[in-house]
>>> print(open('data.txt').read())   # compact mmCIF, C-alpha atoms and all ligand atoms
# COMPACT_ATOMS: atom_id res chain seq x y z
CA MET A 1 38.43 52.22 16.01
CA LYS A 2 37.21 55.73 15.34
CA ILE A 3 33.99 55.05 17.25
CA LEU A 4 33.24 54.62 20.94
CA THR A 5 32.03 51.32 22.38
CA LEU A 6 30.19 50.30 25.55
CA ASP A 7 33.61 49.92 27.22
CA ASP A 8 34.10 53.70 27.05
CA PHE A 9 31.18 54.45 29.41
CA ASP A 10 30.20 53.87 33.02
CA LEU A 11 26.85 52.18 32.40
CA LYS A 12 25.67 51.52 35.96
CA GLY A 13 22.29 53.10 36.76
CA LYS A 14 22.11 54.88 33.39
CA THR A 15 18.97 55.00 31.25
CA VAL A 16 20.06 53.81 27.83
CA PHE A 17 18.33 54.03 24.43
CA VAL A 18 19.43 51.08 22.31
CA ARG A 19 18.62 51.16 18.59
CA MET A 20 18.55 47.50 17.61
CA ASP A 21 17.48 45.93 14.32
CA MET A 22 15.02 43.18 15.21
CA ASN A 23 13.50 43.26 11.72
CA CYS A 24 12.91 39.53 11.17
CA PRO A 25 11.49 37.41 8.36
CA ILE A 26 7.75 37.02 8.98
CA ASP A 27 5.46 34.30 7.67
CA PRO A 28 3.14 36.15 5.27
CA GLU A 29 0.18 33.92 6.23
CA THR A 30 0.51 33.46 10.00
CA ASN A 31 2.46 36.63 10.94
CA GLU A 32 4.82 34.42 12.99
CA ILE A 33 8.54 35.25 13.20
CA LEU A 34 10.34 32.81 10.89
CA GLY A 35 13.95 33.43 11.94
CA THR A 36 15.06 34.86 15.27
CA LYS A 37 18.75 35.40 14.47
CA ARG A 38 18.58 39.19 14.79
CA ILE A 39 16.89 38.89 18.19
CA GLU A 40 19.51 36.36 19.37
CA GLU A 41 22.30 38.71 18.29
CA ALA A 42 20.94 41.51 20.50
CA ILE A 43 21.69 39.57 23.67
CA GLU A 44 25.42 40.35 23.87
CA THR A 45 24.77 44.08 24.03
CA LEU A 46 21.94 43.62 26.52
CA GLU A 47 24.24 41.60 28.77
CA SER A 48 26.80 44.41 28.71
CA LEU A 49 24.00 46.70 29.90
CA LYS A 50 22.87 44.47 32.79
CA ASP A 51 23.21 47.28 35.38
CA SER A 52 21.36 49.90 33.30
CA LYS A 53 17.75 50.75 32.55
CA VAL A 54 17.51 49.59 28.96
CA VAL A 55 15.04 50.65 26.29
CA ILE A 56 15.20 48.75 23.01
CA ALA A 57 13.84 50.44 19.90
CA SER A 58 13.53 48.70 16.54
CA HIS A 59 11.52 48.68 13.34
CA GLN A 60 9.83 45.62 11.76
CA GLY A 61 8.97 45.57 8.05
CA ARG A 62 7.88 48.60 6.08
CA VAL A 63 4.53 50.31 6.46
CA GLY A 64 2.09 48.41 4.23
CA ASN A 65 4.24 45.35 3.46
CA ASN A 66 3.47 41.88 4.78
CA GLU A 67 6.37 41.95 7.25
CA TYR A 68 5.03 45.06 8.99
CA THR A 69 3.90 43.98 12.47
CA GLY A 70 4.03 45.10 16.10
CA MET A 71 6.91 44.00 18.33
CA ASN A 72 4.97 41.91 20.88
CA LYS A 73 6.19 38.61 19.43
CA HIS A 74 9.77 39.92 19.44
CA ALA A 75 9.42 40.64 23.17
CA GLU A 76 8.19 37.07 23.75
CA VAL A 77 11.11 35.60 21.78
CA LEU A 78 13.66 37.74 23.63
CA GLU A 79 12.10 36.82 26.96
CA LYS A 80 12.45 33.10 26.15
CA LEU A 81 16.00 33.46 24.84
CA MET A 82 17.20 35.45 27.86
CA ASN A 83 15.02 33.61 30.34
CA ARG A 84 14.03 36.85 32.02
CA LYS A 85 11.21 39.38 31.96
CA ILE A 86 11.18 41.76 29.01
CA LYS A 87 8.75 44.64 29.44
CA TYR A 88 6.82 45.66 26.34
CA VAL A 89 4.76 48.75 25.59
CA GLU A 90 2.40 49.12 22.63
CA ASP A 91 3.64 52.63 21.97
CA THR A 92 6.69 54.38 20.54
CA ILE A 93 6.90 58.03 21.61
CA GLY A 94 3.59 58.76 23.41
CA GLU A 95 2.70 59.02 27.07
CA ALA A 96 2.52 55.25 27.57
CA ALA A 97 6.04 54.79 26.21
CA GLN A 98 7.40 57.73 28.20
CA ASN A 99 5.85 56.49 31.45
CA ALA A 100 7.15 52.98 30.87
CA ILE A 101 10.66 54.40 30.37
CA LYS A 102 10.45 56.58 33.49
CA ASN A 103 9.28 53.63 35.60
CA LEU A 104 12.21 51.36 34.71
CA GLU A 105 14.48 50.06 37.49
CA ASP A 106 18.17 49.23 37.09
CA GLY A 107 18.59 45.90 35.28
CA GLU A 108 15.19 46.07 33.55
CA ILE A 109 14.65 45.92 29.80
CA LEU A 110 11.75 47.54 27.94
CA LEU A 111 10.95 46.99 24.26
CA LEU A 112 9.06 49.76 22.47
CA ASP A 113 6.61 49.03 19.66
CA ASN A 114 7.59 49.14 15.97
CA LEU A 115 9.31 52.52 15.49
CA ARG A 116 7.81 52.85 12.02
CA LEU A 117 4.41 53.37 13.66
CA CYS A 118 5.78 56.85 14.23
CA ALA A 119 5.54 58.62 10.85
CA GLU A 120 8.92 60.38 11.21
CA GLU A 121 10.79 57.08 11.29
CA ASN A 122 9.75 56.44 7.67
CA TYR A 123 11.70 59.42 6.34
CA GLU A 124 15.38 60.19 5.86
CA PHE A 125 16.73 63.32 7.57
CA THR A 126 20.02 65.15 7.88
CA PRO A 127 21.39 64.47 11.37
CA GLU A 128 20.61 68.08 12.40
CA ASN A 129 16.98 67.81 11.28
CA ALA A 130 16.64 64.31 12.76
CA ALA A 131 17.60 65.83 16.10
CA LYS A 132 14.64 68.23 15.77
CA THR A 133 12.03 65.52 15.14
CA ILE A 134 9.28 65.00 17.69
CA MET A 135 10.61 61.50 18.32
CA VAL A 136 14.09 62.67 19.29
CA SER A 137 12.95 65.81 21.15
CA ARG A 138 10.45 63.87 23.28
CA LEU A 139 12.48 60.77 24.02
CA SER A 140 16.05 62.03 24.27
CA LYS A 141 15.22 63.91 27.51
CA LEU A 142 14.66 60.55 29.19
CA PHE A 143 18.08 59.03 28.38
CA ASP A 144 21.71 59.32 29.45
CA LEU A 145 23.23 57.40 26.53
CA CYS A 146 22.36 56.25 23.02
CA VAL A 147 23.69 52.88 21.85
CA LEU A 148 23.55 52.29 18.11
CA ASP A 149 23.55 48.60 17.33
CA SER A 150 21.28 48.24 14.30
CA PHE A 151 23.97 47.50 11.73
CA PRO A 152 21.42 46.15 9.19
CA SER A 153 19.82 49.59 9.04
CA ALA A 154 23.06 51.58 9.33
CA HIS A 155 22.49 52.99 5.83
CA ARG A 156 19.20 54.65 6.78
CA SER A 157 19.20 58.21 8.11
CA HIS A 158 16.05 57.80 10.15
CA PRO A 159 15.63 59.83 13.38
CA SER A 160 16.37 56.87 15.66
CA ILE A 161 19.59 56.15 13.77
CA VAL A 162 21.09 59.60 13.27
CA GLY A 163 19.07 61.92 15.52
CA PHE A 164 19.69 60.74 19.10
CA ALA A 165 23.46 60.70 18.59
CA GLN A 166 23.30 64.46 17.94
CA VAL A 167 21.92 65.25 21.38
CA LEU A 168 23.13 62.39 23.58
CA PRO A 169 26.50 60.74 24.14
CA ALA A 170 26.54 57.79 21.70
CA CYS A 171 28.49 54.59 21.16
CA ALA A 172 28.32 51.37 19.18
CA GLY A 173 26.77 48.22 20.60
CA ARG A 174 28.48 44.83 20.38
CA ILE A 175 27.00 43.93 16.97
CA VAL A 176 28.25 47.09 15.27
CA GLU A 177 31.62 46.75 17.01
CA ARG A 178 32.04 43.16 15.77
CA GLU A 179 30.79 43.85 12.23
CA VAL A 180 33.16 46.76 11.70
CA ARG A 181 36.16 44.93 13.13
CA ASN A 182 35.56 41.73 11.09
CA LEU A 183 34.66 43.45 7.84
CA ASP A 184 37.65 45.76 7.93
CA THR A 185 39.95 42.77 8.48
CA ILE A 186 38.32 40.79 5.66
CA MET A 187 38.47 43.68 3.23
CA THR A 188 42.22 44.06 3.71
CA VAL A 189 42.83 40.40 2.71
CA ALA A 190 40.05 40.07 0.08
CA LYS A 191 41.38 38.65 -3.20
CA ALA A 192 40.07 38.83 -6.79
CA PRO A 193 38.10 37.60 -8.57
CA HIS A 194 35.30 39.06 -6.49
CA VAL A 195 32.01 37.26 -7.05
CA ILE A 196 28.89 38.98 -5.78
CA ILE A 197 25.61 37.02 -5.66
CA LEU A 198 22.71 39.39 -5.30
CA GLY A 199 19.11 38.47 -4.62
CA GLY A 200 16.27 39.54 -2.37
CA SER A 201 13.51 41.96 -3.07
CA LYS A 202 14.99 45.40 -2.27
CA VAL A 203 15.91 46.11 -5.89
CA PRO A 204 16.36 49.93 -5.94
CA ASP A 205 18.84 49.70 -3.04
CA ARG A 206 20.80 46.99 -4.80
CA LEU A 207 20.98 48.80 -8.15
CA GLU A 208 22.54 51.83 -6.50
CA ALA A 209 25.16 49.66 -4.83
CA ILE A 210 26.05 47.45 -7.84
CA LYS A 211 27.59 50.28 -9.83
CA LEU A 212 29.73 51.38 -6.89
CA LEU A 213 30.87 47.81 -6.25
CA ILE A 214 31.96 47.40 -9.88
CA GLN A 215 33.65 50.81 -10.03
CA ASN A 216 35.54 50.17 -6.77
CA GLY A 217 36.91 46.82 -7.98
CA ARG A 218 34.71 44.83 -5.57
CA ALA A 219 32.66 42.98 -8.21
CA ASP A 220 34.23 41.09 -11.11
CA HIS A 221 31.12 38.93 -11.55
CA VAL A 222 27.62 39.80 -10.38
CA LEU A 223 25.38 36.72 -10.30
CA LEU A 224 21.75 37.78 -10.15
CA THR A 225 19.03 35.88 -8.31
CA GLY A 226 15.63 36.63 -6.77
CA LEU A 227 13.57 39.61 -7.86
CA ILE A 228 16.62 41.54 -9.05
CA ALA A 229 17.34 38.74 -11.57
CA ASN A 230 13.78 39.15 -12.87
CA VAL A 231 14.37 42.89 -13.30
CA PHE A 232 17.51 42.23 -15.37
CA MET A 233 15.71 39.52 -17.39
CA ARG A 234 13.01 42.04 -18.12
CA ALA A 235 15.69 44.52 -19.24
CA GLN A 236 17.00 41.77 -21.55
CA ALA A 237 13.41 41.23 -22.82
CA ARG A 238 13.43 37.64 -21.56
CA ILE A 239 10.49 38.41 -19.31
CA LYS A 240 7.81 40.06 -21.39
CA SER A 241 5.18 41.14 -18.88
CA PRO A 242 5.49 43.70 -16.06
CA LEU A 243 6.73 42.40 -12.71
CA GLY A 244 4.32 44.62 -10.80
CA ILE A 245 6.93 46.43 -8.71
CA LYS A 246 6.98 50.13 -7.81
CA ARG A 247 8.73 52.47 -10.28
CA GLU A 248 9.23 49.46 -12.55
CA GLU A 249 10.03 51.23 -15.83
CA GLU A 250 12.68 53.42 -14.21
CA ILE A 251 14.27 50.42 -12.42
CA VAL A 252 14.30 48.26 -15.55
CA ALA A 253 15.87 51.13 -17.50
CA LYS A 254 18.64 51.36 -14.89
CA ALA A 255 19.28 47.62 -15.14
CA HIS A 256 19.37 47.94 -18.93
CA SER A 257 21.99 50.67 -18.82
CA LEU A 258 24.11 48.71 -16.30
CA ILE A 259 24.19 45.66 -18.59
CA GLY A 260 25.12 47.92 -21.49
CA GLU A 261 27.93 49.53 -19.50
CA TYR A 262 29.34 46.31 -17.98
CA PRO A 263 28.30 43.49 -20.34
CA ASP A 264 30.85 40.97 -19.04
CA VAL A 265 30.08 41.43 -15.37
CA PHE A 266 26.46 40.26 -15.09
CA ALA A 267 25.22 36.69 -15.07
CA THR A 268 21.46 36.12 -15.29
CA PRO A 269 19.52 32.85 -14.90
CA VAL A 270 19.37 30.40 -17.80
CA ASP A 271 16.47 28.50 -16.27
CA VAL A 272 13.90 29.26 -13.59
CA ALA A 273 11.17 27.66 -11.49
CA ILE A 274 7.62 28.96 -11.67
CA ASP A 275 4.52 28.30 -9.62
CA LYS A 276 1.83 26.38 -11.53
CA ASP A 277 -1.23 25.62 -9.40
CA GLY A 278 0.93 25.32 -6.29
CA GLN A 279 3.51 23.09 -8.01
CA ARG A 280 7.16 23.88 -8.85
CA VAL A 281 7.71 23.74 -12.61
CA GLU A 282 11.20 24.31 -14.04
CA MET A 283 11.79 25.78 -17.49
CA ASP A 284 14.38 27.39 -19.75
CA VAL A 285 14.22 31.22 -19.69
CA ARG A 286 13.26 31.14 -23.39
CA GLU A 287 10.05 29.34 -22.47
CA ILE A 288 8.81 31.92 -19.92
CA GLU A 289 5.25 32.96 -20.77
CA LYS A 290 3.64 36.29 -19.92
CA GLU A 291 1.54 34.88 -17.06
CA ASP A 292 4.39 32.89 -15.41
CA LYS A 293 5.37 33.88 -11.87
CA ILE A 294 9.08 33.15 -11.31
CA PHE A 295 9.85 32.06 -7.76
CA ASP A 296 13.26 30.39 -7.95
CA LEU A 297 16.38 29.52 -9.96
CA GLY A 298 16.49 26.33 -12.01
CA PRO A 299 19.20 23.62 -11.76
CA LYS A 300 21.17 24.72 -14.87
CA THR A 301 21.54 28.23 -13.42
CA ILE A 302 22.76 26.75 -10.16
CA GLU A 303 25.39 24.76 -12.04
CA TYR A 304 26.45 27.82 -14.06
CA TYR A 305 26.68 30.07 -10.99
CA SER A 306 28.42 27.39 -8.90
CA LYS A 307 31.27 27.20 -11.48
CA LEU A 308 31.84 30.96 -11.17
CA ILE A 309 31.74 30.67 -7.37
CA SER A 310 34.32 27.87 -7.34
CA GLY A 311 36.83 30.08 -9.22
CA ALA A 312 36.39 33.09 -6.90
CA GLY A 313 38.88 34.65 -4.48
CA THR A 314 36.15 36.39 -2.50
CA VAL A 315 32.43 35.61 -2.51
CA PHE A 316 29.74 37.83 -1.13
CA ILE A 317 26.14 36.60 -1.14
CA SER A 318 23.20 38.75 -0.15
CA GLY A 319 19.46 38.07 -0.34
CA PRO A 320 17.56 34.86 -1.02
CA ALA A 321 17.62 33.36 -4.54
CA GLY A 322 13.88 32.74 -4.56
CA PHE A 323 10.73 32.59 -2.47
CA PHE A 324 12.57 30.52 0.15
CA GLU A 325 9.78 30.76 2.74
CA LYS A 326 7.83 28.33 0.50
CA GLU A 327 9.08 24.75 0.64
CA ASN A 328 8.84 24.34 -3.18
CA PHE A 329 11.07 27.31 -3.84
CA LYS A 330 13.83 26.88 -1.24
CA TYR A 331 16.06 24.96 -3.62
CA GLY A 332 17.91 27.89 -5.26
CA THR A 333 18.74 29.54 -1.94
CA THR A 334 19.96 26.34 -0.27
CA GLN A 335 22.03 25.34 -3.33
CA MET A 336 23.65 28.77 -3.63
CA LEU A 337 24.57 28.70 0.05
CA THR A 338 26.02 25.19 -0.33
CA SER A 339 28.20 26.32 -3.25
CA VAL A 340 29.42 29.34 -1.29
CA ALA A 341 30.18 27.21 1.80
CA ASN A 342 32.14 24.68 -0.30
CA SER A 343 34.26 27.27 -2.12
CA MET A 344 37.88 27.98 -1.17
CA ALA A 345 37.26 31.74 -1.32
CA THR A 346 36.90 34.20 1.55
CA THR A 347 33.16 34.16 2.08
CA ILE A 348 30.63 36.65 3.43
CA VAL A 349 26.96 35.77 3.83
CA SER A 350 24.65 38.73 4.31
CA GLY A 351 21.04 39.39 5.30
CA GLY A 352 18.48 38.16 7.80
CA HIS A 353 16.86 35.63 5.45
CA LEU A 354 20.13 34.04 4.32
CA THR A 355 21.50 33.89 7.86
CA THR A 356 18.39 31.98 8.88
CA ALA A 357 18.67 29.61 5.89
CA LEU A 358 22.39 29.04 6.57
CA LYS A 359 21.64 28.12 10.17
CA GLN A 360 18.90 25.71 9.07
CA GLN A 361 21.41 24.02 6.73
CA GLY A 362 24.11 23.75 9.41
CA LEU A 363 26.68 25.47 7.19
CA ALA A 364 27.49 28.48 9.36
CA ASP A 365 30.96 27.32 10.46
CA LYS A 366 32.14 27.10 6.83
CA ILE A 367 31.66 30.84 6.26
CA ASN A 368 34.22 33.54 7.12
CA HIS A 369 31.79 36.28 8.06
CA ILE A 370 28.06 36.05 8.61
CA SER A 371 26.10 39.22 8.95
CA THR A 372 22.39 39.69 9.43
CA ALA A 373 22.78 42.97 7.54
CA GLY A 374 21.75 43.10 3.86
CA GLY A 375 21.64 46.45 2.05
CA ALA A 376 23.78 48.14 4.70
CA LEU A 377 26.53 45.58 4.27
CA VAL A 378 26.45 45.82 0.47
CA LEU A 379 26.92 49.57 0.79
CA TYR A 380 29.65 49.18 3.42
CA LEU A 381 31.59 47.00 0.96
CA THR A 382 31.39 49.70 -1.70
CA GLY A 383 33.36 51.93 0.66
CA GLU A 384 30.45 54.37 1.15
CA LYS A 385 30.15 55.93 4.61
CA LEU A 386 26.95 54.64 6.24
CA SER A 387 24.76 57.21 8.04
CA MET A 388 25.02 55.38 11.36
CA MET A 389 28.79 55.10 11.16
CA LYS A 390 29.04 58.82 10.46
CA ALA A 391 26.76 59.52 13.47
CA LEU A 392 29.00 57.33 15.65
CA GLU A 393 32.19 58.95 14.41
CA ASP A 394 30.83 62.45 15.00
CA ALA A 395 29.68 61.48 18.49
CA ALA A 396 33.12 60.02 19.27
CA GLU A 397 34.84 63.19 18.09
CA LYS A 398 32.55 65.33 20.24
CA HIS A 399 33.18 63.09 23.26
CA ARG A 400 36.97 63.14 22.83
CA SER A 401 37.16 66.89 22.36
CA LYS A 402 35.38 67.50 25.69
C1 LIG B 1 17.09 45.31 6.56
O1 LIG B 1 16.51 44.26 6.85
O2 LIG B 1 17.75 45.45 5.52
C2 LIG B 1 17.05 46.43 7.56
O3 LIG B 1 16.29 46.09 8.67
C3 LIG B 1 16.57 47.72 6.92
O4 LIG B 1 15.23 47.60 6.54
P1 LIG B 1 14.63 48.61 5.46
O5 LIG B 1 15.30 48.26 4.14
O6 LIG B 1 13.17 48.34 5.46
O7 LIG B 1 15.00 49.99 5.87
>>> encode(input="data.txt", output="structure tokens")
Amino acid sequence: MKILTLDDFDLKGKTVFVRMDMNCPIDPETNEILGTKRIEEAIETLESLKDSKVVIASHQGRVGNNEYTGMNKHAEVLEKLMNRKIKYVEDTIGEAAQNAIKNLEDGEILLLDNLRLCAEENYEFTPENAAKTIMVSRLSKLFDLCVLDSFPSAHRSHPSIVGFAQVLPACAGRIVEREVRNLDTIMTVAKAPHVIILGGSKVPDRLEAIKLLIQNGRADHVLLTGLIANVFMRAQARIKSPLGIKREEEIVAKAHSLIGEYPDVFATPVDVAIDKDGQRVEMDVREIEKEDKIFDLGPKTIEYYSKLISGAGTVFISGPAGFFEKENFKYGTTQMLTSVANSMATTIVSGGHLTTALKQQGLADKINHISTAGGALVLYLTGEKLSMMKALEDAAEKHRSK
């Protein structure tokens, strides 16, 4: 490995900044954490740091969306899972956070509040400029080591991801170490045809990655689900009214040009499920009316997609197929996961929501690699260098040349 791991450092008595990704699915009505997989995953790294003073930093949601919350519930979940005290401070970089860090004893763990409360964490920086942010300048003085373990956000160049590694010794945590090792092994044995099933709501991220996946021979068929399927159906004029997403016209135009460029690659739904007065109603895509809100795939689409999945050499699925938090619209996501689990292909399941759904269905042991990362993993598969991996490689080079 080109990067350093926790095994390369003497960790005893050190104050360690650990960038985790505890961004979990949140119930839009109750604000409760719906799936704790990303919090569970953090434990291995925390156990390796049992003799250190540990400060966990993570984001949750995006400012203004309905998954944007504080981290108090995450602290409670971690405390239960580890059966030990987890300190929590309702602050990120201010005096309260700094004092809480300074007061830590060896073996204690402190969780900071949602990093995105700090404005800087919502912007992308070059590593050099990230190192100059107020967040990194204030906090880095308090640490001996930076551990980067937030693989799901490895494609973001936020200060906490690329800045600390500029000014502190830095290494990968156990999650990043495992992801990189497994994915590199899988990619060397991956066989065609490559079937990519893309869903979820982060459409602009996905559009950027799709082209690279196709160009790099990683996507022979792209089966579209979730909001991204709606965007493509709008580009095909099957959905007539606006979807109400940001920069919609530009995004739909991109989808339109992708279909034009690669007409044989994309598969879009042939039927869908809509919400009518709280009920699931299935219909052919030709019957979609302007006012219909599409929340899931229909059964004919599942059959169509499942045939393509059964003929695949490698299957990669990322993002839920519908509004799976709602009981009525879970069907597409659970059926897609069942088809992937039953296929003979090498299989990768990606993203916090799908990992949670897979666990609920008891299908996890039928999958070759499960990653709580979504967009970061899609980009990793394109062969693009992720910002966090670059930060870790640079830090390793600096460390070795000392
Ligand atoms: C994810 O869930 O994909 C990561 O936590 C990154 O979140 P972001 O897309 O809001 O940066």
>>> residues_near_ligand(input="data.txt", ligand="ligand LIG 1 (chain B)", cutoff="9 Å", atoms="only C-alpha atoms and all ligand atoms", output="JSON, numbers by chain")
{"A": [21, 22, 23, 24, 25, 58, 59, 60, 61, 62, 63, 122, 150, 151, 152, 153, 154, 155, 156, 158, 202, 205, 351, 352, 353, 372, 373, 374, 375, 376, 377]}
>>> closest_residue(input="data.txt", among="A:Glu108, A:Glu393, A:Asp275, A:Glu249", to="Phe295 (chain A)", atoms="only C-alpha atoms")
A:Asp275
>>> atom_distance(input="data.txt", atom1="CA of Thr338 (chain A)", atom2="CA of Gln361 (chain A)")
8.5 Å
>>> residues_around(input="data.txt", residues="Asn342 (chain A)", least_positions_apart="2", cutoff="12 Å", atoms="all atoms listed in the file", output="compact mmCIF listing (two decimals) with C-alpha atoms, in the coordinates of the input")
# COMPACT_ATOMS: atom_id res chain seq x y z
CA SER A 306 28.42 27.39 -8.90
CA LYS A 307 31.27 27.20 -11.48
CA ILE A 309 31.74 30.67 -7.37
CA SER A 310 34.32 27.87 -7.34
CA GLY A 311 36.83 30.08 -9.22
CA ALA A 312 36.39 33.09 -6.90
CA VAL A 315 32.43 35.61 -2.51
CA GLN A 335 22.03 25.34 -3.33
CA MET A 336 23.65 28.77 -3.63
CA LEU A 337 24.57 28.70 0.05
CA THR A 338 26.02 25.19 -0.33
CA SER A 339 28.20 26.32 -3.25
CA VAL A 340 29.42 29.34 -1.29
CA MET A 344 37.88 27.98 -1.17
CA ALA A 345 37.26 31.74 -1.32
CA THR A 346 36.90 34.20 1.55
CA THR A 347 33.16 34.16 2.08
CA LEU A 363 26.68 25.47 7.19
CA ALA A 364 27.49 28.48 9.36
CA ASP A 365 30.96 27.32 10.46
CA LYS A 366 32.14 27.10 6.83
CA ILE A 367 31.66 30.84 6.26
CA ASN A 368 34.22 33.54 7.12
>>> atom_distance(input="data.txt", atom1="CA of Ile134 (chain A)", atom2="CA of Glu120 (chain A)")
8.0 Å
>>> residues_around(input="data.txt", residues="region 210-212 of chain A", least_positions_apart="5", cutoff="10 Å", atoms="all atoms listed in the file", output="PyMOL selection string")
chain A and resi 196+198+205+217-219+222+255+258+261-262+378-379+381-384
>>> atom_distance(input="data.txt", atom1="CA of Leu392 (chain A)", atom2="CA of Leu78 (chain A)")
26.1 Å
>>> residues_around(input="data.txt", residues="Val285 (chain A)", least_positions_apart="5", cutoff="12 Å", atoms="all atoms listed in the file", output="number ranges by chain")
A: 229-230, 233-234, 236-240, 268-274, 290, 292, 294, 296-298, 300-301
>>> write_last_selection(input="data.txt", atoms="C-alpha atoms", output="PDB file, keeping the file's coordinate frame")
ATOM      1  CA  ALA A 229      17.340  38.740 -11.570  1.00  0.00           C
ATOM      2  CA  ASN A 230      13.780  39.150 -12.870  1.00  0.00           C
ATOM      3  CA  MET A 233      15.710  39.520 -17.390  1.00  0.00           C
ATOM      4  CA  ARG A 234      13.010  42.040 -18.120  1.00  0.00           C
ATOM      5  CA  GLN A 236      17.000  41.770 -21.550  1.00  0.00           C
ATOM      6  CA  ALA A 237      13.410  41.230 -22.820  1.00  0.00           C
ATOM      7  CA  ARG A 238      13.430  37.640 -21.560  1.00  0.00           C
ATOM      8  CA  ILE A 239      10.490  38.410 -19.310  1.00  0.00           C
ATOM      9  CA  LYS A 240       7.810  40.060 -21.390  1.00  0.00           C
ATOM     10  CA  THR A 268      21.460  36.120 -15.290  1.00  0.00           C
ATOM     11  CA  PRO A 269      19.520  32.850 -14.900  1.00  0.00           C
ATOM     12  CA  VAL A 270      19.370  30.400 -17.800  1.00  0.00           C
ATOM     13  CA  ASP A 271      16.470  28.500 -16.270  1.00  0.00           C
ATOM     14  CA  VAL A 272      13.900  29.260 -13.590  1.00  0.00           C
ATOM     15  CA  ALA A 273      11.170  27.660 -11.490  1.00  0.00           C
ATOM     16  CA  ILE A 274       7.620  28.960 -11.670  1.00  0.00           C
ATOM     17  CA  LYS A 290       3.640  36.290 -19.920  1.00  0.00           C
ATOM     18  CA  ASP A 292       4.390  32.890 -15.410  1.00  0.00           C
ATOM     19  CA  ILE A 294       9.080  33.150 -11.310  1.00  0.00           C
ATOM     20  CA  ASP A 296      13.260  30.390  -7.950  1.00  0.00           C
ATOM     21  CA  LEU A 297      16.380  29.520  -9.960  1.00  0.00           C
ATOM     22  CA  GLY A 298      16.490  26.330 -12.010  1.00  0.00           C
ATOM     23  CA  LYS A 300      21.170  24.720 -14.870  1.00  0.00           C
ATOM     24  CA  THR A 301      21.540  28.230 -13.420  1.00  0.00           C
TER      25      THR A 301
END
>>> closest_atom_pairs(input="data.txt", of="region 68-154 of chain A", to="region 45-52 of chain A", cutoff="12 Å", atoms="only C-alpha atoms", output="CSV")
residue,atom,partner,partner_atom,distance
A:Leu78,CA,A:Leu46,CA,10.6
A:Glu79,CA,A:Leu46,CA,12.0
A:Leu81,CA,A:Leu46,CA,11.9
A:Met82,CA,A:Glu47,CA,9.4
A:Arg84,CA,A:Lys50,CA,11.7
A:Ile86,CA,A:Leu46,CA,11.2
A:Ile101,CA,A:Ser52,CA,12.0
A:Leu104,CA,A:Ser52,CA,9.4
A:Glu105,CA,A:Ser52,CA,8.1
A:Asp106,CA,A:Ser52,CA,5.0
A:Gly107,CA,A:Asp51,CA,4.8
A:Glu108,CA,A:Ser52,CA,7.3
A:Ile109,CA,A:Leu46,CA,8.3
A:Leu110,CA,A:Leu46,CA,11.0
A:Leu111,CA,A:Leu46,CA,11.7
A:Phe143,CA,A:Ser52,CA,10.9
A:Asp144,CA,A:Ser52,CA,10.2
A:Leu145,CA,A:Ser52,CA,10.3
A:Cys146,CA,A:Leu49,CA,11.9
A:Val147,CA,A:Thr45,CA,9.1
A:Leu148,CA,A:Thr45,CA,10.2
A:Asp149,CA,A:Thr45,CA,8.2
A:Ser150,CA,A:Thr45,CA,11.1
>>> build_atoms(input="data.txt", residues="region 328-334 of chain A", atoms="N, CA, C and O atoms", output="PDB file, in the frame of the given file")
ATOM      1  N   ASN A 328       8.577  24.651  -1.762  1.00  0.00           N
ATOM      2  CA  ASN A 328       8.840  24.340  -3.180  1.00  0.00           C
ATOM      3  C   ASN A 328       9.904  25.211  -3.822  1.00  0.00           C
ATOM      4  O   ASN A 328      10.409  24.887  -4.885  1.00  0.00           O
ATOM      5  N   PHE A 329      10.172  26.354  -3.190  1.00  0.00           N
ATOM      6  CA  PHE A 329      11.070  27.310  -3.840  1.00  0.00           C
ATOM      7  C   PHE A 329      12.303  27.642  -2.999  1.00  0.00           C
ATOM      8  O   PHE A 329      12.944  28.664  -3.187  1.00  0.00           O
ATOM      9  N   LYS A 330      12.650  26.739  -2.094  1.00  0.00           N
ATOM     10  CA  LYS A 330      13.830  26.880  -1.240  1.00  0.00           C
ATOM     11  C   LYS A 330      15.113  26.499  -1.959  1.00  0.00           C
ATOM     12  O   LYS A 330      16.201  26.910  -1.586  1.00  0.00           O
ATOM     13  N   TYR A 331      14.939  25.635  -2.970  1.00  0.00           N
ATOM     14  CA  TYR A 331      16.060  24.960  -3.620  1.00  0.00           C
ATOM     15  C   TYR A 331      17.199  25.911  -4.038  1.00  0.00           C
ATOM     16  O   TYR A 331      18.359  25.682  -3.686  1.00  0.00           O
ATOM     17  N   GLY A 332      16.874  26.986  -4.766  1.00  0.00           N
ATOM     18  CA  GLY A 332      17.910  27.890  -5.260  1.00  0.00           C
ATOM     19  C   GLY A 332      18.721  28.482  -4.119  1.00  0.00           C
ATOM     20  O   GLY A 332      19.960  28.521  -4.170  1.00  0.00           O
ATOM     21  N   THR A 333      18.040  28.919  -3.077  1.00  0.00           N
ATOM     22  CA  THR A 333      18.740  29.540  -1.940  1.00  0.00           C
ATOM     23  C   THR A 333      19.641  28.520  -1.241  1.00  0.00           C
ATOM     24  O   THR A 333      20.814  28.805  -0.972  1.00  0.00           O
ATOM     25  N   THR A 334      19.131  27.323  -0.992  1.00  0.00           N
ATOM     26  CA  THR A 334      19.960  26.340  -0.270  1.00  0.00           C
ATOM     27  C   THR A 334      21.144  25.906  -1.133  1.00  0.00           C
ATOM     28  O   THR A 334      22.258  25.757  -0.631  1.00  0.00           O
TER      29      THR A 334
END
